[in-house]
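Notes follow once the structure below has been shown.
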Amino acid sequence: MNKLYQSFSILLLATMLSGCMTSLIGARFDNNEYFLINSIRTTAEIGVDYCGTNAVKQLIPNMWVKSLELKNYASDIPGNGPMIEMSIKLHDMITGLNTRYKTVGDSVEPSTSYCTLKFKSIIRDSKIIQRVVGDKPRWM
Amino acid sequence: MDVNLESEFKQLLNCDNKDVADLGQRAKEIKTMYENKEISDTEFKELVEDLTLSEHIADAADDMAIKSASVKVLDILSKMASAI
């Protein structure tokens, strides 16, 4: 049995020395990532009920800034590939909504159905991201 | 074409994987709203593109879950090894 433990130790040491541990840094739980994705999800959950009203126009830019923050924050953490990918895609999705509300004139508002569907998509995807970010192992 | 699409929707909605079923539900909602003229052409296009973005997010989430699982295993082994 001791031989088995020794093998595990050697394997672990080899992994640490080979630089593979660096690639696992991004796999650890990160408070900031969790905070930002929770903030995006919460804003979307509030926003969906305000589609078709003026209040939504204030919530959308705020959510867009948070998604940009998440994308930028995740981008330079080593071994953080999946998070980088998810944050880019979520930001793209939110940018579509933000651009539409930013560029249209007062007479051509995006439809309420579009707004609702868009928020539902953001809620769904941010929940998925929050689930996996929350399940990352904590530092020992 | 529409008959095929309906059967595809049915398959997606009955899928055991909750994320896939949700995606199917969203796709169906988008199609219905477009047919009912509740959303414009450009809005429809954007919402369909979002479905692809969602698919990428779901794939990356799976990758992250696998990575997390391997780190958890490494942590357990590390604890075992340090206890020797």
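A note on labels: chains of the structure tokens are A, B, ... as shown, every chain counts residues from 1, and ligands are counted from 1 in their shown order.
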
- Residues within 12 Å of Val133 of chain A, only C-alpha atoms, excluding chain neighbours under 6 positions, as an MDAnalysis selection string: (chainID A and resid 26:38 74 80 82:84 86:87 126:127) or (chainID B and resid 60:65 67:68)

- From the list B:Ala21, B:Leu77, B:Leu5, B:Leu12, which residue is nearest chain A when using only C-alpha atoms? B:Leu77

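When only C-alpha atoms are used to measure the gap to Thr43 of chain A, the shortest distance among A:Tyr101, A:Tyr73, A:Phe119, A:Tyr114 belongs to A:Phe119.
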
- Find the residues around Val65 of chain A up to 10 Å (only C-alpha atoms counted), leave out those fewer than 3 positions away in its own chain, and share them as JSON, numbers by chain. {"A": [40, 60, 61, 62, 68, 69, 70, 71, 91, 94, 95, 98]}

Restrict the selected residues to N, CA and C atoms and save them as a short mmCIF file (atom, residue, chain, number, x, y, z; two decimals), in the first residue's frame.
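Saved file part.cif follows:
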```cif
data_model
loop_
_atom_site.label_atom_id
_atom_site.label_comp_id
_atom_site.auth_asym_id
_atom_site.auth_seq_id
_atom_site.Cartn_x
_atom_site.Cartn_y
_atom_site.Cartn_z
N ILE A 40 -24.52 39.82 -12.90
CA ILE A 40 -25.16 39.82 -14.23
C ILE A 40 -26.50 39.08 -14.19
N ILE A 60 -29.82 47.79 -18.61
CA ILE A 60 -29.03 47.13 -19.65
C ILE A 60 -27.56 47.61 -19.70
N PRO A 61 -27.30 48.93 -19.73
CA PRO A 61 -25.88 49.35 -19.76
C PRO A 61 -25.10 48.87 -18.54
N ASN A 62 -25.78 48.83 -17.39
CA ASN A 62 -25.15 48.36 -16.17
C ASN A 62 -24.73 46.89 -16.30
N LEU A 68 -18.55 43.05 -19.40
CA LEU A 68 -17.23 43.45 -19.91
C LEU A 68 -16.17 43.26 -18.81
N GLU A 69 -16.55 43.60 -17.59
CA GLU A 69 -15.64 43.41 -16.45
C GLU A 69 -15.28 41.94 -16.31
N LEU A 70 -16.30 41.08 -16.40
CA LEU A 70 -16.06 39.63 -16.26
C LEU A 70 -15.14 39.13 -17.38
N LYS A 71 -15.41 39.58 -18.60
CA LYS A 71 -14.60 39.16 -19.75
C LYS A 71 -13.14 39.60 -19.56
N HIS A 91 -20.80 38.07 -23.05
CA HIS A 91 -20.67 39.50 -23.33
C HIS A 91 -21.20 39.83 -24.74
N ILE A 94 -24.96 40.01 -24.54
CA ILE A 94 -25.43 41.23 -23.87
C ILE A 94 -25.15 42.47 -24.73
N THR A 95 -24.05 42.43 -25.49
CA THR A 95 -23.73 43.55 -26.37
C THR A 95 -24.83 43.75 -27.41
N ASN A 98 -27.57 45.60 -25.65
CA ASN A 98 -27.14 46.96 -25.31
C ASN A 98 -27.10 47.85 -26.56
#
```

- Query: Looking only at the backbone, which of the residues in segment 20-49 of chain B does DSSP tag as helix (DSSP H, G or I), as a list in words?
  - Reply: Val20, Ala21, Asp22, Leu23, Gly24, Gln25, Arg26, Ala27, Lys28, Glu29, Ile30, Lys31, Thr32, Met33, Tyr34, Glu35, Asp41, Thr42, Glu43, Phe44, Lys45, Glu46, Leu47, Val48 and Glu49 of chain B

- Quick one: residues within 7 Å of segment 35-42 of chain B, only C-alpha atoms counted, chain neighbours fewer than 4 positions away excluded, as number ranges by chain? A: 111, 113-114; B: 31, 46

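The list of residues with at least one atom within 12 Å of Thr116 of chain A, based on only C-alpha atoms and without residues fewer than 3 positions apart in the same chain, reads Ala44, Glu45, Ile46, Gly47, Val48, Asp49, Tyr50, Cys51, Gly52, Thr53, Val56, Leu97, Pro110, Ser111, Thr112, Ser113, Phe119, Lys120, Ser121, Ile122 and Ile123 of chain A; Arg26, Glu29, Ile30, Met33, Glu38, Ile39, Glu43 and Leu47 of chain B.
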
- Nearby residues (only C-alpha atoms) at most 12 Å from Asp59 of chain B, same-chain spacing under 4 positions excluded, as a list in words: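 Once the adjacent positions are removed, what remains is Gly81, Pro82, Met83, Glu85, Met86, Lys89, Asp125, Ile128, Ile129 and Val132 of chain A; Asp19, Val20, Thr52, Leu53, Ser54, Glu55, Asp63, Met64, Ala65 and Ile66 of chain B.
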
- Just give me the gap between atom CA of Ser70 of chain B and atom CA of Ser39 of chain A in Å, one decimal is fine.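 If I compute the distance from atom CA of Ser70 of chain B to atom CA of Ser39 of chain A, I get 28.0 Å.
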
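Atom CA of Arg138 of chain A is found 18.8 Å from atom CA of Ala81 of chain B.
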